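S.K.: Next up, final21.csv (CSV, N, CA and C atoms).
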```csv
chain,number,residue,atom,x,y,z
M,288,MET,N,0.8,-1.2,0.0
M,288,MET,CA,0.0,0.0,0.0
M,288,MET,C,0.9,1.3,0.0
M,289,PRO,N,1.9,1.3,0.8
M,289,PRO,CA,2.8,2.6,0.7
M,289,PRO,C,3.3,2.9,-0.6
M,290,TYR,N,3.6,1.9,-1.4
M,290,TYR,CA,4.1,2.2,-2.8
M,290,TYR,C,3.1,2.8,-3.7
M,291,LEU,N,1.8,2.3,-3.5
M,291,LEU,CA,0.7,2.9,-4.3
M,291,LEU,C,0.4,4.3,-3.9
M,292,ILE,N,0.4,4.6,-2.6
M,292,ILE,CA,0.2,5.9,-2.1
M,292,ILE,C,1.3,6.9,-2.6
M,293,ALA,N,2.5,6.4,-2.5
M,293,ALA,CA,3.6,7.2,-2.9
M,293,ALA,C,3.6,7.5,-4.4
M,294,GLU,N,3.2,6.5,-5.2
M,294,GLU,CA,3.1,6.7,-6.6
M,294,GLU,C,2.0,7.7,-7.0
M,295,VAL,N,0.8,7.6,-6.3
M,295,VAL,CA,-0.3,8.5,-6.6
M,295,VAL,C,0.1,10.0,-6.2
M,296,MET,N,0.8,10.1,-5.1
M,296,MET,CA,1.2,11.5,-4.6
M,296,MET,C,2.2,12.1,-5.6
M,297,ALA,N,3.2,11.3,-6.0
M,297,ALA,CA,4.2,11.7,-6.9
M,297,ALA,C,3.7,12.1,-8.2
M,298,CYS,N,2.7,11.3,-8.7
M,298,CYS,CA,2.1,11.6,-10.0
M,298,CYS,C,1.3,12.9,-10.0
M,299,ASN,N,0.6,13.1,-8.9
M,299,ASN,CA,-0.2,14.3,-8.7
M,299,ASN,C,0.7,15.6,-8.7
M,300,ILE,N,1.8,15.5,-7.9
M,300,ILE,CA,2.8,16.6,-7.9
M,300,ILE,C,3.4,16.8,-9.2
M,301,GLY,N,3.8,15.7,-9.9
M,301,GLY,CA,4.4,15.9,-11.2
M,301,GLY,C,3.5,16.4,-12.3
M,302,GLY,N,2.2,16.0,-12.2
M,302,GLY,CA,1.2,16.4,-13.1
M,302,GLY,C,1.0,17.9,-13.1
M,303,ALA,N,1.2,18.5,-11.9
M,303,ALA,CA,1.0,19.9,-11.8
M,303,ALA,C,2.1,20.8,-12.4
M,304,ALA,N,3.2,20.1,-12.8
M,304,ALA,CA,4.4,20.9,-13.3
M,304,ALA,C,4.2,21.4,-14.7
M,305,THR,N,3.4,20.7,-15.6
M,305,THR,CA,3.3,21.1,-17.0
M,305,THR,C,1.9,21.4,-17.3
M,306,LEU,N,1.8,22.1,-18.4
M,306,LEU,CA,0.4,22.5,-19.0
M,306,LEU,C,-0.4,21.3,-19.3
M,307,ILE,N,0.2,20.2,-19.7
M,307,ILE,CA,-0.5,19.0,-20.1
M,307,ILE,C,-0.5,17.9,-19.0
M,308,GLY,N,0.0,18.2,-17.8
M,308,GLY,CA,0.1,17.2,-16.8
M,308,GLY,C,-1.3,16.8,-16.2
M,309,ASP,N,-2.2,17.7,-16.2
M,309,ASP,CA,-3.5,17.4,-15.7
M,309,ASP,C,-4.5,18.3,-16.5
M,310,PRO,N,-5.7,17.7,-16.7
M,310,PRO,CA,-6.7,18.5,-17.5
M,310,PRO,C,-7.0,19.9,-17.0
M,311,PRO,N,-7.1,20.1,-15.7
M,311,PRO,CA,-7.3,21.5,-15.2
M,311,PRO,C,-6.2,22.5,-15.6
M,312,ASN,N,-5.0,21.9,-15.8
M,312,ASN,CA,-3.9,22.8,-16.1
M,312,ASN,C,-4.1,23.4,-17.5
M,313,ILE,N,-4.6,22.6,-18.4
M,313,ILE,CA,-4.9,23.1,-19.8
M,313,ILE,C,-5.9,24.2,-19.7
M,314,MET,N,-7.0,24.0,-18.9
M,314,MET,CA,-8.0,25.0,-18.8
M,314,MET,C,-7.4,26.3,-18.2
M,315,ILE,N,-6.6,26.2,-17.1
M,315,ILE,CA,-6.1,27.3,-16.5
M,315,ILE,C,-5.1,28.1,-17.4
M,316,GLY,N,-4.2,27.3,-18.1
M,316,GLY,CA,-3.3,27.9,-19.0
M,316,GLY,C,-4.0,28.6,-20.2
M,317,SER,N,-5.0,28.0,-20.7
M,317,SER,CA,-5.7,28.6,-21.8
M,317,SER,C,-6.4,29.9,-21.4
M,318,ARG,N,-7.0,29.9,-20.3
M,318,ARG,CA,-7.8,31.0,-19.7
M,318,ARG,C,-6.8,32.2,-19.4
M,319,ALA,N,-5.6,31.8,-18.9
M,319,ALA,CA,-4.6,32.8,-18.5
M,319,ALA,C,-3.7,33.2,-19.7
M,320,GLY,N,-3.8,32.5,-20.8
M,320,GLY,CA,-3.0,32.9,-21.9
M,320,GLY,C,-1.6,32.4,-21.8
M,321,LEU,N,-1.4,31.4,-21.0
M,321,LEU,CA,0.0,30.9,-20.8
M,321,LEU,C,0.4,29.8,-21.8
M,322,SER,N,1.6,29.9,-22.3
M,322,SER,CA,2.1,28.8,-23.2
M,322,SER,C,2.6,27.7,-22.4
M,323,PHE,N,3.0,26.6,-23.1
M,323,PHE,CA,3.6,25.5,-22.4
M,323,PHE,C,4.8,25.9,-21.6
M,324,ASN,N,5.7,26.7,-22.3
M,324,ASN,CA,6.9,27.2,-21.6
M,324,ASN,C,6.6,28.1,-20.4
M,325,ASP,N,5.7,29.0,-20.6
M,325,ASP,CA,5.3,29.9,-19.5
M,325,ASP,C,4.8,29.1,-18.3
M,326,PHE,N,4.0,28.1,-18.5
M,326,PHE,CA,3.4,27.3,-17.4
M,326,PHE,C,4.6,26.5,-16.7
M,327,LEU,N,5.4,25.9,-17.5
M,327,LEU,CA,6.6,25.2,-17.0
M,327,LEU,C,7.5,26.1,-16.2
M,328,LEU,N,7.8,27.2,-16.7
M,328,LEU,CA,8.7,28.2,-16.0
M,328,LEU,C,8.2,28.6,-14.6
M,329,HIS,N,6.9,28.7,-14.5
M,329,HIS,CA,6.3,29.1,-13.3
M,329,HIS,C,6.0,28.0,-12.3
M,330,MET,N,5.8,26.8,-12.8
M,330,MET,CA,5.4,25.7,-12.0
M,330,MET,C,6.6,24.7,-11.7
M,331,ALA,N,7.5,24.6,-12.5
M,331,ALA,CA,8.6,23.7,-12.3
M,331,ALA,C,9.4,23.9,-11.0
M,332,PRO,N,9.7,25.1,-10.6
M,332,PRO,CA,10.4,25.3,-9.3
M,332,PRO,C,9.6,24.8,-8.1
M,333,ILE,N,8.4,25.1,-8.0
M,333,ILE,CA,7.6,24.7,-6.9
M,333,ILE,C,7.3,23.2,-6.9
M,334,THR,N,7.1,22.6,-8.0
M,334,THR,CA,6.8,21.2,-8.1
M,334,THR,C,8.1,20.4,-7.8
M,335,THR,N,9.3,20.9,-8.2
M,335,THR,CA,10.6,20.3,-7.9
M,335,THR,C,10.8,20.3,-6.4
M,336,LEU,N,10.5,21.4,-5.7
M,336,LEU,CA,10.6,21.5,-4.3
M,336,LEU,C,9.6,20.6,-3.6
M,337,LEU,N,8.4,20.5,-4.1
M,337,LEU,CA,7.4,19.6,-3.5
M,337,LEU,C,7.8,18.1,-3.7
M,338,ILE,N,8.3,17.8,-4.8
M,338,ILE,CA,8.6,16.3,-5.0
M,338,ILE,C,9.8,15.9,-4.1
M,339,LEU,N,10.8,16.9,-3.9
M,339,LEU,CA,11.9,16.6,-3.0
M,339,LEU,C,11.4,16.5,-1.5
M,340,LEU,N,10.5,17.4,-1.2
M,340,LEU,CA,9.9,17.3,0.2
M,340,LEU,C,9.1,16.1,0.4
M,341,PHE,N,8.3,15.7,-0.7
M,341,PHE,CA,7.5,14.4,-0.6
M,341,PHE,C,8.4,13.2,-0.4
M,342,ALA,N,9.6,13.2,-1.2
M,342,ALA,CA,10.5,12.1,-1.1
M,342,ALA,C,11.0,11.9,0.4
M,343,VAL,N,11.3,13.0,1.0
M,343,VAL,CA,11.7,12.9,2.4
M,343,VAL,C,10.6,12.5,3.3
M,344,MET,N,9.4,13.1,3.1
M,344,MET,CA,8.3,12.7,3.9
M,344,MET,C,7.8,11.2,3.7
M,345,ALA,N,7.9,10.8,2.5
M,345,ALA,CA,7.5,9.4,2.2
M,345,ALA,C,8.5,8.4,2.9
M,346,ARG,N,9.7,8.7,2.9
M,346,ARG,CA,10.7,7.9,3.5
M,346,ARG,C,10.4,7.8,5.0
M,347,TRP,N,10.0,9.0,5.6
M,347,TRP,CA,9.7,9.0,7.0
M,347,TRP,C,8.3,8.3,7.3
M,348,MET,N,7.3,8.7,6.6
M,348,MET,CA,6.0,8.1,6.8
M,348,MET,C,5.9,6.6,6.6
M,349,PHE,N,6.6,6.1,5.6
M,349,PHE,CA,6.5,4.7,5.3
M,349,PHE,C,7.8,3.9,5.7
M,350,ARG,N,8.5,4.4,6.7
M,350,ARG,CA,9.8,3.8,7.1
M,350,ARG,C,9.6,2.3,7.5
M,351,GLY,N,8.5,1.9,8.0
M,351,GLY,CA,8.3,0.5,8.3
M,351,GLY,C,8.1,-0.4,7.1
M,352,ALA,N,7.7,0.2,6.0
M,352,ALA,CA,7.5,-0.6,4.8
M,352,ALA,C,8.7,-0.8,3.9
M,353,PHE,N,9.8,0.0,4.2
M,353,PHE,CA,11.0,-0.2,3.4
M,353,PHE,C,12.0,-1.1,4.1
M,354,SER,N,11.7,-2.4,4.0
M,354,SER,CA,12.7,-3.3,4.6
M,354,SER,C,13.3,-4.2,3.4
M,355,TYR,N,14.5,-4.6,3.7
M,355,TYR,CA,15.2,-5.4,2.7
M,355,TYR,C,15.0,-6.9,2.9
M,356,ASP,N,14.6,-7.5,1.9
M,356,ASP,CA,14.5,-9.0,1.9
M,356,ASP,C,15.4,-9.6,0.8
M,357,PRO,N,16.5,-10.2,1.2
M,357,PRO,CA,17.4,-10.7,0.2
M,357,PRO,C,16.8,-11.6,-0.8
M,358,GLU,N,15.9,-12.5,-0.4
M,358,GLU,CA,15.3,-13.4,-1.3
M,358,GLU,C,14.5,-12.7,-2.4
M,359,ARG,N,13.7,-11.7,-2.0
M,359,ARG,CA,12.9,-10.9,-3.0
M,359,ARG,C,13.8,-10.1,-3.9
M,360,ALA,N,14.8,-9.5,-3.3
M,360,ALA,CA,15.8,-8.8,-4.1
M,360,ALA,C,16.4,-9.6,-5.1
M,361,GLU,N,16.8,-10.8,-4.8
M,361,GLU,CA,17.4,-11.8,-5.7
M,361,GLU,C,16.5,-12.1,-6.9
M,362,ARG,N,15.2,-12.3,-6.6
M,362,ARG,CA,14.2,-12.6,-7.6
M,362,ARG,C,14.0,-11.5,-8.5
M,363,VAL,N,14.0,-10.3,-8.0
M,363,VAL,CA,13.8,-9.1,-8.8
M,363,VAL,C,15.0,-8.9,-9.7
M,364,MET,N,16.2,-9.1,-9.2
M,364,MET,CA,17.4,-8.9,-10.0
M,364,MET,C,17.6,-10.0,-11.1
M,365,ALA,N,16.9,-11.1,-10.9
M,365,ALA,CA,17.0,-12.2,-11.9
M,365,ALA,C,16.0,-11.9,-13.1
M,366,MET,N,15.1,-10.9,-12.9
M,366,MET,CA,14.2,-10.6,-14.0
M,366,MET,C,14.9,-9.9,-15.2
M,367,ARG,N,14.4,-10.2,-16.4
M,367,ARG,CA,14.9,-9.5,-17.6
M,367,ARG,C,13.9,-8.5,-18.1
M,368,GLU,N,14.3,-7.3,-18.2
M,368,GLU,CA,13.4,-6.2,-18.7
M,368,GLU,C,12.9,-6.5,-20.1
M,369,ARG,N,13.7,-7.0,-20.9
M,369,ARG,CA,13.3,-7.2,-22.3
M,369,ARG,C,12.1,-8.2,-22.4
M,370,ASP,N,12.0,-9.1,-21.4
M,370,ASP,CA,10.9,-10.0,-21.5
M,370,ASP,C,9.5,-9.4,-21.3
M,371,ALA,N,9.5,-8.2,-20.7
M,371,ALA,CA,8.3,-7.4,-20.5
M,371,ALA,C,7.8,-6.8,-21.8
M,372,ILE,N,8.6,-6.6,-22.7
M,372,ILE,CA,8.3,-5.9,-24.0
M,372,ILE,C,7.8,-7.0,-24.9
M,373,THR,N,6.5,-7.0,-25.2
M,373,THR,CA,6.0,-8.1,-26.1
M,373,THR,C,5.8,-7.6,-27.5
M,374,ASP,N,5.7,-6.3,-27.8
M,374,ASP,CA,5.6,-5.7,-29.1
M,374,ASP,C,6.6,-4.6,-29.3
M,375,ARG,N,7.7,-4.9,-29.8
M,375,ARG,CA,8.8,-3.9,-30.0
M,375,ARG,C,8.4,-2.8,-31.0
M,376,ARG,N,7.7,-3.2,-32.0
M,376,ARG,CA,7.2,-2.2,-33.0
M,376,ARG,C,6.4,-1.1,-32.3
M,377,LEU,N,5.4,-1.6,-31.5
M,377,LEU,CA,4.5,-0.6,-30.8
M,377,LEU,C,5.3,0.3,-29.9
M,378,LEU,N,6.3,-0.3,-29.2
M,378,LEU,CA,7.2,0.5,-28.3
M,378,LEU,C,7.9,1.6,-29.1
M,379,VAL,N,8.4,1.3,-30.3
M,379,VAL,CA,9.1,2.3,-31.1
M,379,VAL,C,8.2,3.4,-31.6
M,380,ILE,N,7.0,3.0,-32.0
M,380,ILE,CA,6.0,3.9,-32.5
M,380,ILE,C,5.6,4.8,-31.4
M,381,SER,N,5.3,4.3,-30.2
M,381,SER,CA,4.9,5.1,-29.1
M,381,SER,C,6.0,6.0,-28.7
M,382,GLY,N,7.2,5.6,-28.7
M,382,GLY,CA,8.3,6.5,-28.3
M,382,GLY,C,8.5,7.6,-29.3
M,383,VAL,N,8.3,7.4,-30.6
M,383,VAL,CA,8.4,8.4,-31.6
M,383,VAL,C,7.3,9.4,-31.4
M,384,VAL,N,6.1,8.9,-31.2
M,384,VAL,CA,4.9,9.8,-31.0
M,384,VAL,C,5.1,10.7,-29.8
M,385,ILE,N,5.5,10.2,-28.7
M,385,ILE,CA,5.6,11.0,-27.4
M,385,ILE,C,6.7,12.0,-27.6
M,386,VAL,N,7.8,11.7,-28.3
M,386,VAL,CA,8.9,12.6,-28.5
M,386,VAL,C,8.4,13.8,-29.4
M,387,LEU,N,7.7,13.4,-30.5
M,387,LEU,CA,7.2,14.5,-31.4
M,387,LEU,C,6.2,15.4,-30.7
M,388,VAL,N,5.3,14.8,-29.8
M,388,VAL,CA,4.4,15.6,-29.1
M,388,VAL,C,5.1,16.6,-28.2
M,389,MET,N,6.1,16.1,-27.4
M,389,MET,CA,6.8,16.9,-26.5
M,389,MET,C,7.6,18.0,-27.2
M,390,VAL,N,8.1,17.7,-28.4
M,390,VAL,CA,8.9,18.7,-29.1
M,390,VAL,C,7.9,19.7,-29.7
M,391,CYS,N,6.7,19.4,-30.1
M,391,CYS,CA,5.7,20.3,-30.6
M,391,CYS,C,5.1,21.2,-29.5
M,392,PHE,N,5.1,20.8,-28.2
M,392,PHE,CA,4.6,21.6,-27.2
M,392,PHE,C,5.5,22.8,-26.9
M,393,VAL,N,6.8,22.7,-27.1
M,393,VAL,CA,7.7,23.8,-26.8
M,393,VAL,C,7.4,25.0,-27.8
M,394,PRO,N,7.3,24.8,-29.1
M,394,PRO,CA,7.0,26.0,-30.0
M,394,PRO,C,5.6,26.1,-30.4
M,395,HIS,N,4.6,25.6,-29.6
M,395,HIS,CA,3.2,25.6,-30.0
M,395,HIS,C,2.7,27.0,-30.2
M,396,THR,N,3.2,28.0,-29.5
M,396,THR,CA,2.7,29.4,-29.7
M,396,THR,C,3.2,29.9,-31.1
M,397,ALA,N,4.5,29.6,-31.4
M,397,ALA,CA,5.0,30.1,-32.7
M,397,ALA,C,4.3,29.4,-33.9
M,398,LEU,N,3.9,28.1,-33.6
M,398,LEU,CA,3.2,27.4,-34.7
M,398,LEU,C,1.7,27.7,-34.7
M,399,HIS,N,1.2,28.6,-33.8
M,399,HIS,CA,-0.2,29.0,-33.7
M,399,HIS,C,-1.1,27.8,-33.5
M,400,LEU,N,-0.7,26.9,-32.6
M,400,LEU,CA,-1.4,25.7,-32.3
M,400,LEU,C,-1.8,25.8,-30.8
M,401,GLU,N,-3.0,25.4,-30.5
M,401,GLU,CA,-3.4,25.3,-29.1
M,401,GLU,C,-2.8,24.0,-28.5
M,402,PRO,N,-2.5,24.0,-27.2
M,402,PRO,CA,-1.9,22.8,-26.6
M,402,PRO,C,-2.8,21.6,-26.8
M,403,SER,N,-4.1,21.8,-26.7
M,403,SER,CA,-5.0,20.7,-26.9
M,403,SER,C,-4.9,20.1,-28.3
M,404,VAL,N,-4.6,20.9,-29.3
M,404,VAL,CA,-4.5,20.4,-30.7
M,404,VAL,C,-3.2,19.5,-30.7
M,405,VAL,N,-2.2,19.9,-30.1
M,405,VAL,CA,-0.9,19.1,-30.1
M,405,VAL,C,-1.2,17.8,-29.4
M,406,ALA,N,-1.9,17.9,-28.2
M,406,ALA,CA,-2.1,16.7,-27.4
M,406,ALA,C,-3.0,15.7,-28.2
M,407,VAL,N,-4.1,16.2,-28.8
M,407,VAL,CA,-5.0,15.3,-29.5
M,407,VAL,C,-4.3,14.7,-30.8
M,408,SER,N,-3.4,15.5,-31.4
M,408,SER,CA,-2.7,15.0,-32.6
M,408,SER,C,-1.9,13.8,-32.2
M,409,GLY,N,-1.2,13.9,-31.0
M,409,GLY,CA,-0.4,12.8,-30.5
M,409,GLY,C,-1.3,11.6,-30.2
M,410,ALA,N,-2.5,11.8,-29.6
M,410,ALA,CA,-3.3,10.7,-29.3
M,410,ALA,C,-3.8,10.0,-30.5
```
Would you mind giving the structure from this file in structure tokens?
M.R.:
Amino acid sequence: MPYLIAEVMACNIGGAATLIGDPPNIMIGSRAGLSFNDFLLHMAPITTLLILLFAVMARWMFRGAFSYDPERAERVMAMRERDAITDRRLLVISGVVIVLVMVCFVPHTALHLEPSVVAVSGA
């Protein structure tokens, strides 16, 4: 349970950092006339501070859950990452799409595109 709670909290903090991190961010950014870069410039410092603070707090709050079990560690280390990838072609296509979308978010104002258009194009 501590790992799930930590993941949810970290995702929420990270989602607040960018214009596309959460749906309300797009609404706020559009209404305020903020570009992707403007939003990132204003939110990145505070979200970086918050994620660091959360990492310290999570370590303290869940200190009992972070125990080392040599048998489990050995099983995890024996796993092969490549076995989890069942469709390499889909992985490559997905990677290319996400890179293109992220690249298009940076100059979206110069391209006269709304962030939502960039996001939907990637989808």
S.K.: If you count only C-alpha atoms, which residues fall within 10 Å of stretch 383-396 of chain M, apart from same-chain ones fewer than 5 positions away, as number ranges by chain?
M.R.: M: 306-307, 321-325, 327, 377-378, 401-410
S.K.: To one decimal place, how far is atom C of M:Leu337 from atom N of M:Met314 in Å?
M.R.: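 Computing it gives 22.0 Å between the two atoms.
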S.K.: With DSSP run on the backbone, what are the helix (DSSP H, G or I) residues within stretch 299-364 of chain M? I'd like them as a count of residues only.
M.R.: 48
S.K.: Tell me which of M:Leu339, M:Met296, M:Ala303, M:Arg375 sits closest to M:Phe326, counting all atoms listed in the file.
M.R.: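 Using all atoms listed in the file, M:Phe326 sits closest to M:Ala303.
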S.K.: Could you jot down the atom C of M:Ile338 to atom C of M:Ala293 separation for me, Å, one decimal place?
M.R.: 10.4 Å
S.K.: What does the distance from atom CA of M:Ala304 to atom CA of M:Gly316 come to in Å, to one decimal?
M.R.: 11.9 Å
S.K.: Restricting the calculation to only C-alpha atoms: of M:Val379, M:Ala352, M:Leu398, M:Ala297, which residue gets closest to M:Leu336?
M.R.: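 Of M:Val379, M:Ala352, M:Leu398, M:Ala297, the one nearest M:Leu336, counting only C-alpha atoms, is M:Ala297.
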S.K.: Would you mind telling me which residue in M:Arg367, M:Ala331, M:Phe353, M:Met344 lies nearest to M:Thr305 when using all atoms listed in the file?
M.R.: M:Ala331
S.K.: Between M:Leu291, M:His399, M:Ile300, M:Pro311, which has the minimum distance to M:Phe341 (counting only C-alpha atoms)?
M.R.: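 Between M:Leu291, M:His399, M:Ile300, M:Pro311, the residue approaching M:Phe341 most closely is M:Ile300.
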